[in-house]
>>> print(open('target.txt').read())   # compact mmCIF, C-alpha atoms
# COMPACT_ATOMS: atom_id res chain seq x y z
CA MET A 1 -2.91 -28.94 -12.00
CA GLU A 2 -0.23 -27.90 -9.52
CA LYS A 3 -0.46 -29.53 -6.13
CA ARG A 4 -1.35 -27.02 -3.52
CA ASP A 5 0.19 -26.61 -0.09
CA GLY A 6 -2.06 -26.86 2.94
CA LEU A 7 -2.94 -23.86 5.06
CA LEU A 8 -1.29 -23.08 8.36
CA VAL A 9 -4.16 -22.14 10.64
CA VAL A 10 -3.22 -20.38 13.86
CA LEU A 11 -6.02 -20.40 16.41
CA SER A 12 -5.37 -18.01 19.23
CA GLY A 13 -7.09 -15.76 21.73
CA PRO A 14 -7.39 -15.18 25.46
CA SER A 15 -7.53 -18.10 27.83
CA GLY A 16 -11.16 -18.91 28.57
CA ALA A 17 -12.45 -17.96 25.11
CA GLY A 18 -12.73 -21.64 24.25
CA LYS A 19 -10.08 -22.08 21.55
CA GLY A 20 -9.22 -25.59 22.80
CA THR A 21 -12.82 -26.77 22.44
CA LEU A 22 -13.12 -25.23 18.96
CA CYS A 23 -9.82 -26.77 17.89
CA ARG A 24 -10.84 -30.28 19.02
CA GLU A 25 -14.24 -29.98 17.34
CA LEU A 26 -12.69 -28.71 14.11
CA LEU A 27 -10.22 -31.62 14.05
CA ARG A 28 -13.10 -34.04 14.61
CA GLN A 29 -15.12 -32.57 11.72
CA GLU A 30 -12.32 -31.97 9.22
CA PRO A 31 -10.20 -35.05 8.52
CA ASN A 32 -7.88 -33.07 6.24
CA ILE A 33 -6.65 -30.93 9.13
CA GLN A 34 -3.72 -32.06 11.19
CA TYR A 35 -2.86 -30.91 14.69
CA SER A 36 0.60 -29.43 14.99
CA VAL A 37 2.59 -31.76 17.28
CA SER A 38 4.79 -29.94 19.80
CA ALA A 39 8.27 -30.86 20.90
CA THR A 40 8.95 -31.07 24.62
CA THR A 41 11.64 -32.03 27.09
CA ARG A 42 9.21 -33.45 29.63
CA GLN A 43 8.98 -37.21 30.21
CA PRO A 44 6.40 -39.10 28.13
CA ARG A 45 3.37 -40.28 30.11
CA PRO A 46 2.40 -43.98 29.78
CA ALA A 47 0.02 -43.73 26.78
CA GLU A 48 1.90 -41.02 24.91
CA ILE A 49 3.44 -41.84 21.55
CA GLU A 50 6.44 -40.13 19.96
CA GLY A 51 5.34 -38.05 16.97
CA ILE A 52 1.65 -38.34 17.80
CA HIS A 53 1.28 -36.58 21.14
CA TYR A 54 4.70 -34.95 21.30
CA PHE A 55 8.17 -35.11 19.90
CA PHE A 56 10.12 -36.05 23.03
CA ARG A 57 13.59 -34.53 23.09
CA THR A 58 16.37 -34.17 25.64
CA LYS A 59 17.17 -30.73 26.98
CA ALA A 60 20.36 -30.64 24.88
CA GLU A 61 18.49 -31.66 21.73
CA PHE A 62 15.82 -29.03 22.36
CA GLU A 63 18.40 -26.30 22.92
CA GLY A 64 20.04 -27.39 19.69
CA MET A 65 16.70 -26.92 17.91
CA ILE A 66 16.40 -23.42 19.38
CA ALA A 67 19.94 -22.57 18.29
CA LYS A 68 19.40 -23.82 14.75
CA GLY A 69 16.10 -21.93 14.40
CA GLU A 70 14.14 -25.13 13.98
CA LEU A 71 11.28 -23.97 16.19
CA LEU A 72 8.51 -21.69 15.09
CA GLU A 73 8.06 -20.56 18.68
CA TRP A 74 8.96 -21.98 22.06
CA ALA A 75 8.54 -21.35 25.79
CA GLU A 76 9.64 -22.80 29.10
CA PHE A 77 6.99 -24.03 31.50
CA CYS A 78 7.51 -25.73 34.89
CA GLY A 79 11.15 -26.42 34.09
CA ASN A 80 10.44 -28.03 30.70
CA TYR A 81 10.66 -26.68 27.18
CA TYR A 82 7.71 -26.73 24.80
CA GLY A 83 7.87 -25.61 21.20
CA THR A 84 6.54 -25.94 17.67
CA PRO A 85 9.00 -27.71 15.34
CA ILE A 86 8.99 -26.42 11.80
CA PHE A 87 9.91 -29.71 10.07
CA ALA A 88 6.72 -31.68 10.88
CA MET A 89 4.56 -28.70 10.06
CA GLU A 90 6.20 -28.11 6.69
CA GLN A 91 6.02 -31.79 5.84
CA ALA A 92 2.26 -31.82 6.42
CA LEU A 93 1.73 -28.53 4.57
CA SER A 94 3.61 -29.67 1.49
CA ALA A 95 1.62 -32.90 1.50
CA GLY A 96 -1.43 -30.61 1.07
CA LYS A 97 -2.67 -31.06 4.64
CA ASP A 98 -3.90 -28.08 6.61
CA VAL A 99 -2.15 -27.73 9.94
CA ILE A 100 -3.76 -26.18 12.99
CA LEU A 101 -1.78 -24.56 15.74
CA GLU A 102 -3.64 -23.70 18.93
CA ILE A 103 -1.53 -21.21 20.79
CA GLU A 104 -1.66 -18.24 23.14
CA THR A 105 -1.44 -14.73 21.71
CA LYS A 106 2.29 -14.09 22.29
CA GLY A 107 3.22 -17.30 20.49
CA ALA A 108 0.80 -16.48 17.67
CA LEU A 109 2.49 -13.14 17.02
CA GLN A 110 5.90 -14.87 16.99
CA VAL A 111 4.53 -17.27 14.36
CA LYS A 112 3.11 -14.41 12.31
CA LYS A 113 6.55 -12.82 12.00
CA ARG A 114 7.92 -16.00 10.49
CA ILE A 115 4.93 -17.17 8.47
CA PRO A 116 2.96 -14.09 7.43
CA HIS A 117 0.90 -16.06 4.88
CA GLY A 118 -0.53 -18.23 7.67
CA LEU A 119 -4.16 -17.82 8.58
CA PHE A 120 -4.48 -16.02 11.90
CA ILE A 121 -7.78 -16.48 13.66
CA PHE A 122 -8.60 -14.81 16.94
CA VAL A 123 -11.12 -16.68 19.09
CA ALA A 124 -12.97 -14.12 21.17
CA PRO A 125 -15.49 -14.46 23.97
CA PRO A 126 -18.85 -12.81 23.19
CA SER A 127 -17.90 -10.09 25.69
CA LEU A 128 -15.62 -9.55 28.66
CA GLU A 129 -18.66 -10.03 30.90
CA ALA A 130 -19.26 -13.44 29.33
CA LEU A 131 -15.61 -14.37 29.81
CA SER A 132 -15.81 -13.32 33.45
CA GLU A 133 -18.93 -15.46 33.92
CA ARG A 134 -17.26 -18.49 32.34
CA ILE A 135 -14.22 -18.23 34.57
CA HIS A 136 -16.40 -17.74 37.66
CA LYS A 137 -18.57 -20.74 36.78
CA ARG A 138 -15.57 -23.05 36.82
CA GLY A 139 -15.30 -21.97 40.46
CA THR A 140 -11.76 -23.26 40.83
CA GLU A 141 -9.88 -20.02 41.06
CA ALA A 142 -9.47 -17.34 43.68
CA GLU A 143 -10.99 -13.93 43.01
CA GLU A 144 -7.62 -12.25 42.54
CA VAL A 145 -6.50 -14.89 40.02
CA ILE A 146 -9.72 -14.30 38.08
CA ALA A 147 -9.17 -10.54 38.14
CA LYS A 148 -5.66 -11.04 36.79
CA ARG A 149 -6.86 -13.32 34.01
CA LEU A 150 -9.51 -10.80 32.99
CA ALA A 151 -6.96 -7.99 32.91
CA THR A 152 -4.75 -10.14 30.69
CA ALA A 153 -7.70 -10.96 28.43
CA ARG A 154 -8.51 -7.26 28.10
CA GLN A 155 -4.95 -6.65 26.88
CA GLU A 156 -5.02 -9.66 24.56
CA ILE A 157 -8.28 -8.57 22.94
CA LYS A 158 -6.52 -5.41 21.78
CA LEU A 159 -4.25 -7.64 19.68
CA VAL A 160 -7.22 -8.69 17.52
CA THR A 161 -6.13 -6.15 14.89
CA GLU A 162 -3.05 -8.30 14.19
CA TYR A 163 -5.26 -11.18 13.05
CA ASP A 164 -7.05 -11.93 9.78
CA TYR A 165 -10.28 -13.18 11.30
CA VAL A 166 -12.14 -12.94 14.56
CA VAL A 167 -14.49 -15.75 15.54
CA VAL A 168 -16.76 -14.92 18.42
CA ASN A 169 -17.32 -18.10 20.39
CA ASP A 170 -20.92 -17.49 21.39
CA GLU A 171 -22.00 -21.09 20.71
CA VAL A 172 -19.59 -23.88 19.81
CA PRO A 173 -21.46 -25.25 16.74
CA ALA A 174 -21.89 -21.77 15.28
CA ALA A 175 -18.26 -20.88 15.95
CA VAL A 176 -17.02 -24.14 14.38
CA HIS A 177 -19.20 -23.45 11.35
CA ARG A 178 -17.50 -20.07 11.02
CA LEU A 179 -14.05 -21.66 11.28
CA ARG A 180 -14.90 -24.24 8.62
CA SER A 181 -16.28 -21.50 6.37
CA ILE A 182 -13.07 -19.51 6.78
CA LEU A 183 -11.04 -22.51 5.62
CA VAL A 184 -13.23 -23.04 2.55
CA ALA A 185 -13.19 -19.33 1.72
CA GLU A 186 -9.43 -18.95 2.09
CA LYS A 187 -8.89 -21.70 -0.46
CA CYS A 188 -10.93 -19.62 -2.91
CA ARG A 189 -8.83 -16.49 -2.38
CA VAL A 190 -7.29 -15.37 -5.64
CA GLN A 191 -3.80 -14.97 -4.10
CA ARG A 192 -3.91 -18.60 -3.01
CA ASN A 193 -4.69 -19.80 -6.55
CA PRO A 194 -1.75 -18.63 -8.63
CA PHE A 195 -1.75 -21.73 -10.82
CA LEU A 196 -5.38 -21.57 -11.86
CA PHE A 197 -5.60 -21.52 -15.66
CA LYS A 198 -1.88 -20.85 -15.85
CA GLU A 199 -1.21 -23.69 -18.27
CA GLU A 200 -4.03 -22.36 -20.43
CA HIS A 201 -2.56 -18.87 -20.60
CA SER A 202 0.93 -19.78 -21.60
CA MET B 1 -23.57 -3.43 19.61
CA GLU B 2 -23.30 -1.30 16.48
CA LYS B 3 -25.53 -2.35 13.61
CA ARG B 4 -23.49 -3.63 10.76
CA ASP B 5 -23.92 -2.85 7.07
CA GLY B 6 -24.55 -5.70 4.68
CA LEU B 7 -21.97 -6.86 2.17
CA LEU B 8 -22.03 -5.91 -1.48
CA VAL B 9 -21.29 -9.15 -3.29
CA VAL B 10 -20.30 -8.82 -6.93
CA LEU B 11 -20.56 -12.09 -8.80
CA SER B 12 -18.84 -11.95 -12.15
CA GLY B 13 -16.98 -14.03 -14.70
CA PRO B 14 -17.10 -15.11 -18.32
CA SER B 15 -20.40 -15.91 -19.95
CA GLY B 16 -21.00 -19.65 -19.75
CA ALA B 17 -19.25 -20.11 -16.38
CA GLY B 18 -22.67 -20.39 -14.72
CA LYS B 19 -22.81 -17.25 -12.57
CA GLY B 20 -26.56 -16.88 -13.17
CA THR B 21 -27.28 -20.37 -11.86
CA LEU B 22 -25.07 -19.84 -8.81
CA CYS B 23 -26.68 -16.48 -8.10
CA ARG B 24 -30.23 -17.91 -8.22
CA GLU B 25 -29.27 -20.85 -6.01
CA LEU B 26 -27.54 -18.57 -3.50
CA LEU B 27 -30.60 -16.31 -3.30
CA ARG B 28 -32.79 -19.36 -2.74
CA GLN B 29 -30.58 -20.64 0.10
CA GLU B 30 -29.77 -17.34 1.80
CA PRO B 31 -32.85 -15.30 2.70
CA ASN B 32 -30.70 -12.44 4.01
CA ILE B 33 -29.31 -11.72 0.55
CA GLN B 34 -31.10 -9.37 -1.77
CA TYR B 35 -30.76 -9.24 -5.52
CA SER B 36 -29.72 -5.84 -6.80
CA VAL B 37 -32.61 -4.51 -8.88
CA SER B 38 -31.56 -2.84 -12.13
CA ALA B 39 -33.01 0.29 -13.69
CA THR B 40 -34.05 0.13 -17.34
CA THR B 41 -35.73 2.17 -20.02
CA ARG B 42 -37.39 -0.82 -21.65
CA GLN B 43 -41.16 -1.36 -21.33
CA PRO B 44 -42.34 -3.52 -18.41
CA ARG B 45 -43.60 -6.95 -19.41
CA PRO B 46 -47.03 -8.03 -18.08
CA ALA B 47 -45.95 -9.70 -14.81
CA GLU B 48 -43.11 -7.32 -13.99
CA ILE B 49 -43.38 -5.13 -10.92
CA GLU B 50 -41.68 -1.77 -10.39
CA GLY B 51 -38.93 -2.10 -7.77
CA ILE B 52 -39.04 -5.90 -7.77
CA HIS B 53 -37.98 -6.87 -11.27
CA TYR B 54 -36.74 -3.49 -12.46
CA PHE B 55 -36.95 0.19 -11.78
CA PHE B 56 -38.68 1.38 -14.96
CA ARG B 57 -37.54 4.81 -16.07
CA THR B 58 -37.98 7.00 -19.13
CA LYS B 59 -34.96 7.65 -21.31
CA ALA B 60 -34.75 11.22 -19.98
CA GLU B 61 -34.93 10.03 -16.37
CA PHE B 62 -32.24 7.42 -17.01
CA GLU B 63 -29.94 9.95 -18.65
CA GLY B 64 -30.51 12.21 -15.66
CA MET B 65 -29.38 9.36 -13.38
CA ILE B 66 -26.24 8.92 -15.49
CA ALA B 67 -25.52 12.65 -15.36
CA LYS B 68 -25.98 12.82 -11.58
CA GLY B 69 -23.73 9.77 -10.98
CA GLU B 70 -26.61 7.81 -9.49
CA LEU B 71 -25.65 4.60 -11.28
CA LEU B 72 -22.95 2.25 -10.15
CA GLU B 73 -22.52 1.10 -13.74
CA TRP B 74 -24.66 1.15 -16.85
CA ALA B 75 -24.74 -0.04 -20.47
CA GLU B 76 -26.92 0.25 -23.56
CA PHE B 77 -28.34 -2.93 -25.05
CA CYS B 78 -30.74 -3.22 -28.02
CA GLY B 79 -31.61 0.47 -27.82
CA ASN B 80 -32.41 0.42 -24.10
CA TYR B 81 -30.43 1.46 -21.08
CA TYR B 82 -29.72 -0.91 -18.21
CA GLY B 83 -27.91 0.08 -15.03
CA THR B 84 -27.41 -0.44 -11.32
CA PRO B 85 -28.89 2.35 -9.21
CA ILE B 86 -26.95 3.19 -6.10
CA PHE B 87 -29.89 4.28 -3.94
CA ALA B 88 -31.66 0.90 -3.62
CA MET B 89 -28.40 -0.89 -3.05
CA GLU B 90 -27.31 1.48 -0.29
CA GLN B 91 -30.72 1.30 1.35
CA ALA B 92 -30.49 -2.50 1.55
CA LEU B 93 -26.87 -2.46 2.72
CA SER B 94 -27.55 0.00 5.53
CA ALA B 95 -30.52 -2.13 6.61
CA GLY B 96 -27.91 -4.88 7.14
CA LYS B 97 -28.93 -6.89 4.08
CA ASP B 98 -26.29 -8.35 1.81
CA VAL B 99 -26.78 -7.34 -1.82
CA ILE B 100 -25.73 -9.48 -4.74
CA LEU B 101 -24.89 -8.06 -8.11
CA GLU B 102 -24.50 -10.50 -10.99
CA ILE B 103 -22.64 -8.72 -13.71
CA GLU B 104 -20.21 -9.17 -16.59
CA THR B 105 -16.53 -8.46 -16.02
CA LYS B 106 -16.36 -4.92 -17.45
CA GLY B 107 -19.22 -3.79 -15.22
CA ALA B 108 -17.63 -5.51 -12.21
CA LEU B 109 -14.42 -3.54 -12.64
CA GLN B 110 -16.42 -0.31 -12.91
CA VAL B 111 -18.11 -1.21 -9.62
CA LYS B 112 -14.78 -2.00 -7.98
CA LYS B 113 -13.51 1.50 -8.70
CA ARG B 114 -16.45 3.02 -6.86
CA ILE B 115 -16.89 0.45 -4.08
CA PRO B 116 -13.49 -1.08 -3.35
CA HIS B 117 -14.71 -2.65 -0.08
CA GLY B 118 -17.24 -4.76 -2.01
CA LEU B 119 -16.67 -8.47 -2.25
CA PHE B 120 -15.54 -9.39 -5.75
CA ILE B 121 -16.01 -13.01 -6.68
CA PHE B 122 -14.96 -14.43 -10.01
CA VAL B 123 -16.95 -17.44 -11.17
CA ALA B 124 -14.68 -19.56 -13.34
CA PRO B 125 -15.30 -22.64 -15.45
CA PRO B 126 -13.23 -25.67 -14.37
CA SER B 127 -11.15 -25.12 -17.54
CA LEU B 128 -11.43 -23.52 -20.95
CA GLU B 129 -12.05 -27.01 -22.39
CA ALA B 130 -15.00 -27.42 -20.03
CA LEU B 131 -16.35 -24.01 -21.03
CA SER B 132 -16.03 -24.94 -24.70
CA GLU B 133 -17.89 -28.20 -24.08
CA ARG B 134 -20.69 -26.39 -22.24
CA ILE B 135 -21.18 -23.90 -25.03
CA HIS B 136 -21.10 -26.66 -27.67
CA LYS B 137 -23.63 -28.75 -25.74
CA ARG B 138 -26.18 -25.95 -25.89
CA GLY B 139 -25.90 -26.41 -29.65
CA THR B 140 -27.57 -23.11 -30.43
CA GLU B 141 -24.62 -21.16 -31.73
CA ALA B 142 -22.55 -21.17 -34.91
CA GLU B 143 -18.95 -22.34 -34.67
CA GLU B 144 -17.53 -18.85 -35.27
CA VAL B 145 -19.73 -17.34 -32.53
CA ILE B 146 -18.47 -20.03 -30.15
CA ALA B 147 -14.88 -19.31 -31.10
CA LYS B 148 -15.43 -15.60 -30.42
CA ARG B 149 -17.01 -16.32 -27.04
CA LEU B 150 -14.10 -18.54 -26.06
CA ALA B 151 -11.59 -15.89 -27.09
CA THR B 152 -13.47 -13.36 -24.94
CA ALA B 153 -13.55 -15.82 -22.02
CA ARG B 154 -9.80 -16.32 -22.33
CA GLN B 155 -9.30 -12.54 -21.99
CA GLU B 156 -11.79 -12.29 -19.13
CA ILE B 157 -10.08 -15.06 -17.17
CA LYS B 158 -6.94 -12.92 -17.05
CA LEU B 159 -8.93 -10.38 -15.03
CA VAL B 160 -9.23 -12.87 -12.15
CA THR B 161 -6.34 -11.11 -10.40
CA GLU B 162 -8.60 -8.07 -9.88
CA TYR B 163 -10.96 -10.13 -7.73
CA ASP B 164 -10.88 -11.21 -4.09
CA TYR B 165 -12.07 -14.76 -4.63
CA VAL B 166 -12.31 -17.26 -7.43
CA VAL B 167 -15.01 -19.91 -7.30
CA VAL B 168 -14.54 -22.70 -9.79
CA ASN B 169 -17.99 -23.86 -10.86
CA ASP B 170 -17.24 -27.56 -11.23
CA GLU B 171 -20.51 -28.64 -9.60
CA VAL B 172 -23.28 -26.25 -8.61
CA PRO B 173 -23.84 -27.49 -5.01
CA ALA B 174 -20.10 -27.41 -4.28
CA ALA B 175 -19.74 -23.95 -5.83
CA VAL B 176 -22.72 -22.59 -3.88
CA HIS B 177 -21.23 -24.03 -0.69
CA ARG B 178 -18.03 -22.11 -1.45
CA LEU B 179 -19.98 -18.89 -2.04
CA ARG B 180 -21.88 -19.28 1.24
CA SER B 181 -18.63 -20.01 3.06
CA ILE B 182 -17.08 -16.85 1.61
CA LEU B 183 -19.98 -14.78 2.95
CA VAL B 184 -19.67 -16.30 6.43
CA ALA B 185 -15.89 -15.88 6.44
CA GLU B 186 -15.95 -12.26 5.24
CA LYS B 187 -18.18 -11.33 8.17
CA CYS B 188 -15.47 -12.70 10.47
CA ARG B 189 -12.73 -10.58 8.88
CA VAL B 190 -11.14 -8.32 11.45
CA GLN B 191 -11.40 -5.24 9.21
CA ARG B 192 -15.14 -5.76 8.97
CA ASN B 193 -15.52 -5.85 12.76
CA PRO B 194 -14.27 -2.46 13.92
CA PHE B 195 -16.85 -2.16 16.68
CA LEU B 196 -16.12 -5.46 18.36
CA PHE B 197 -15.29 -4.87 22.04
CA LYS B 198 -14.96 -1.16 21.31
CA GLU B 199 -17.31 -0.16 24.13
CA GLU B 200 -15.30 -2.36 26.47
CA HIS B 201 -12.02 -0.68 25.62
CA SER B 202 -13.07 2.88 26.11
>>> encode(input="target.txt", output="structure tokens")
Amino acid sequence: MEKRDGLLVVLSGPSGAGKGTLCRELLRQEPNIQYSVSATTRQPRPAEIEGIHYFFRTKAEFEGMIAKGELLEWAEFCGNYYGTPIFAMEQALSAGKDVILEIETKGALQVKKRIPHGLFIFVAPPSLEALSERIHKRGTEAEEVIAKRLATARQEIKLVTEYDYVVVNDEVPAAVHRLRSILVAEKCRVQRNPFLFKEEHS
Amino acid sequence: MEKRDGLLVVLSGPSGAGKGTLCRELLRQEPNIQYSVSATTRQPRPAEIEGIHYFFRTKAEFEGMIAKGELLEWAEFCGNYYGTPIFAMEQALSAGKDVILEIETKGALQVKKRIPHGLFIFVAPPSLEALSERIHKRGTEAEEVIAKRLATARQEIKLVTEYDYVVVNDEVPAAVHRLRSILVAEKCRVQRNPFLFKEEHS
């Protein structure tokens, strides 16, 4: 039987919908999934290991990666670059590992242009009211910041049509169950099984 | 929130792949799924109940249903008609129940023409060798009958490309887990969630 590539799973959605929590829980429950390690130009913190937490690169190296198209997507944040290197991801995928990329919506759409056969999952709050409540409960942000985040979320939710799946994060265990089901189901999709019975047909 | 229709799940595949076993097990594990009740012109057996086991119809009534296009698919077998009435199926689907139809491949393709948004799942044996072993183990059929069944299965397996999913029935619990995952995943598909957040956009 032909060895099968892993799936690239892109988990995205508005900030506050809980995609980080779902991603961590999924990684905990599914040992065959690998987290996509980012490249960055920021300094490593004491416990951080090259290739595990980040790929640490100089600014010149990072700009070289941008120029050579070696990044799936990238952005600048607080004077440092952050991006998703293609090489590590492709290595894991061809070893049959699924790779998960947790990313905001703009980055996700960049990735979709380059890897349309990836699995694009939108993590949504149960409603905008629920999202508003969650942000308020944290109690760390000023009212105008909250209003701005909600306006952004409202725009981001319109992008759901660009995705394959929408997982409403009403309760974490239920949402993780949906994510795991999506992974199992996708591996049963006929288009993802081109080699099935092939040797028996020829 | 808008009430959502159930899914029409069509379980098909070559005879001997085990679709009947998977269907029964799925119905046992998923109380929200309903088995699609067939119509027939054959006489009810003692314990059989109208509308539960079959819809019992006279030959004239059945031919009327054919003429009026009230059957999703039908066939004649041993001098009796058997078919899938649309009315009961649609009733269950609009009540939000999923409906499962276990059917041979020709019937499944007939159904696909009429209900393209149904969920078409092909149940496959792990290999043609495995299918051959299974049929031989039953030990009830002559060698030439077995050879004919295998030749048919080989043709049927080519139809897999017409389906959405392929579930390899290597072990029943694993295959049922895949089927249940497919149902969960399909309900998360963006195209099946047109009403999500709609009221919040308008």
>>> atom_distance(input="target.txt", atom1="CA of Lys106 (chain B)", atom2="CA of Leu22 (chain B)")
19.3 Å
>>> interface_residues(input="target.txt", of="chain A", to="chain B", cutoff="7 Å", atoms="only C-alpha atoms", output="count of residues only")
16
>>> residues_around(input="target.txt", residues="Gly6 (chain B)", least_positions_apart="2", cutoff="8 Å", atoms="only C-alpha atoms", output="VMD selection string")
chain B and resid 4 8 92 to 99
>>> residues_around(input="target.txt", residues="Pro31 (chain B)", least_positions_apart="2", cutoff="12 Å", atoms="all atoms listed in the file", output="ChimeraX atom specification")
/B:24-29,33-35,97-100,180
>>> residues_around(input="target.txt", residues="Arg114 (chain A)", least_positions_apart="6", cutoff="12 Å", atoms="all atoms listed in the file", output="PyMOL selection string")
chain A and resi 8+69-73+86+107-108
>>> atom_distance(input="target.txt", atom1="CA of Glu104 (chain B)", atom2="CA of Ala60 (chain B)")
25.3 Å
>>> closest_residue(input="target.txt", among="B:Pro14, B:Pro85, B:Glu90, B:Lys68", to="Ala153 (chain B)", atoms="only C-alpha atoms")
B:Pro14
>>> build_atoms(input="target.txt", residues="region 49-71 of chain A", atoms="N, CA and C atoms", output="mmCIF file, in the coordinates of the input")
data_model
loop_
_atom_site.group_PDB
_atom_site.id
_atom_site.type_symbol
_atom_site.label_atom_id
_atom_site.label_comp_id
_atom_site.auth_asym_id
_atom_site.auth_seq_id
_atom_site.Cartn_x
_atom_site.Cartn_y
_atom_site.Cartn_z
ATOM 1 N N ILE A 49 2.639 -41.264 22.645
ATOM 2 C CA ILE A 49 3.440 -41.840 21.550
ATOM 3 C C ILE A 49 4.260 -40.733 20.887
ATOM 4 N N GLU A 50 5.526 -41.031 20.666
ATOM 5 C CA GLU A 50 6.440 -40.130 19.960
ATOM 6 C C GLU A 50 5.869 -39.772 18.583
ATOM 7 N N GLY A 51 5.800 -38.483 18.296
ATOM 8 C CA GLY A 51 5.340 -38.050 16.970
ATOM 9 C C GLY A 51 3.832 -37.917 16.844
ATOM 10 N N ILE A 52 3.115 -38.456 17.831
ATOM 11 C CA ILE A 52 1.650 -38.340 17.800
ATOM 12 C C ILE A 52 1.230 -37.284 18.837
ATOM 13 N N HIS A 53 1.633 -37.534 20.079
ATOM 14 C CA HIS A 53 1.280 -36.580 21.140
ATOM 15 C C HIS A 53 2.331 -35.485 21.276
ATOM 16 N N TYR A 54 3.581 -35.891 21.209
ATOM 17 C CA TYR A 54 4.700 -34.950 21.300
ATOM 18 C C TYR A 54 5.890 -35.520 20.548
ATOM 19 N N PHE A 55 6.828 -34.649 20.234
ATOM 20 C CA PHE A 55 8.170 -35.110 19.900
ATOM 21 C C PHE A 55 8.981 -34.972 21.183
ATOM 22 N N PHE A 56 9.398 -36.092 21.757
ATOM 23 C CA PHE A 56 10.120 -36.050 23.030
ATOM 24 C C PHE A 56 11.613 -35.881 22.746
ATOM 25 N N ARG A 57 12.186 -34.852 23.347
ATOM 26 C CA ARG A 57 13.590 -34.530 23.090
ATOM 27 C C ARG A 57 14.300 -34.288 24.424
ATOM 28 N N THR A 58 15.610 -34.510 24.450
ATOM 29 C CA THR A 58 16.370 -34.170 25.640
ATOM 30 C C THR A 58 16.541 -32.644 25.677
ATOM 31 N N LYS A 59 16.964 -32.173 26.837
ATOM 32 C CA LYS A 59 17.170 -30.730 26.980
ATOM 33 C C LYS A 59 18.218 -30.239 25.977
ATOM 34 N N ALA A 60 19.293 -31.030 25.810
ATOM 35 C CA ALA A 60 20.360 -30.640 24.880
ATOM 36 C C ALA A 60 19.845 -30.609 23.437
ATOM 37 N N GLU A 61 19.054 -31.630 23.087
ATOM 38 C CA GLU A 61 18.490 -31.660 21.730
ATOM 39 C C GLU A 61 17.583 -30.439 21.494
ATOM 40 N N PHE A 62 16.759 -30.150 22.501
ATOM 41 C CA PHE A 62 15.820 -29.030 22.360
ATOM 42 C C PHE A 62 16.580 -27.714 22.203
ATOM 43 N N GLU A 63 17.610 -27.540 23.026
ATOM 44 C CA GLU A 63 18.400 -26.300 22.920
ATOM 45 C C GLU A 63 19.113 -26.206 21.577
ATOM 46 N N GLY A 64 19.473 -27.350 21.038
ATOM 47 C CA GLY A 64 20.040 -27.390 19.690
ATOM 48 C C GLY A 64 19.029 -26.918 18.652
ATOM 49 N N MET A 65 17.765 -27.343 18.834
ATOM 50 C CA MET A 65 16.700 -26.920 17.910
ATOM 51 C C MET A 65 16.495 -25.401 17.989
ATOM 52 N N ILE A 66 16.534 -24.888 19.215
ATOM 53 C CA ILE A 66 16.400 -23.420 19.380
ATOM 54 C C ILE A 66 17.542 -22.726 18.634
ATOM 55 N N ALA A 67 18.756 -23.216 18.872
ATOM 56 C CA ALA A 67 19.940 -22.570 18.290
ATOM 57 C C ALA A 67 19.916 -22.596 16.774
ATOM 58 N N LYS A 68 19.413 -23.695 16.210
ATOM 59 C CA LYS A 68 19.400 -23.820 14.750
ATOM 60 C C LYS A 68 18.147 -23.206 14.113
ATOM 61 N N GLY A 69 17.305 -22.581 14.943
ATOM 62 C CA GLY A 69 16.100 -21.930 14.400
ATOM 63 C C GLY A 69 15.084 -22.919 13.866
ATOM 64 N N GLU A 70 15.056 -24.104 14.475
ATOM 65 C CA GLU A 70 14.140 -25.130 13.980
ATOM 66 C C GLU A 70 12.760 -25.070 14.622
ATOM 67 N N LEU A 71 12.587 -24.099 15.522
ATOM 68 C CA LEU A 71 11.280 -23.970 16.190
ATOM 69 C C LEU A 71 10.585 -22.687 15.750
#
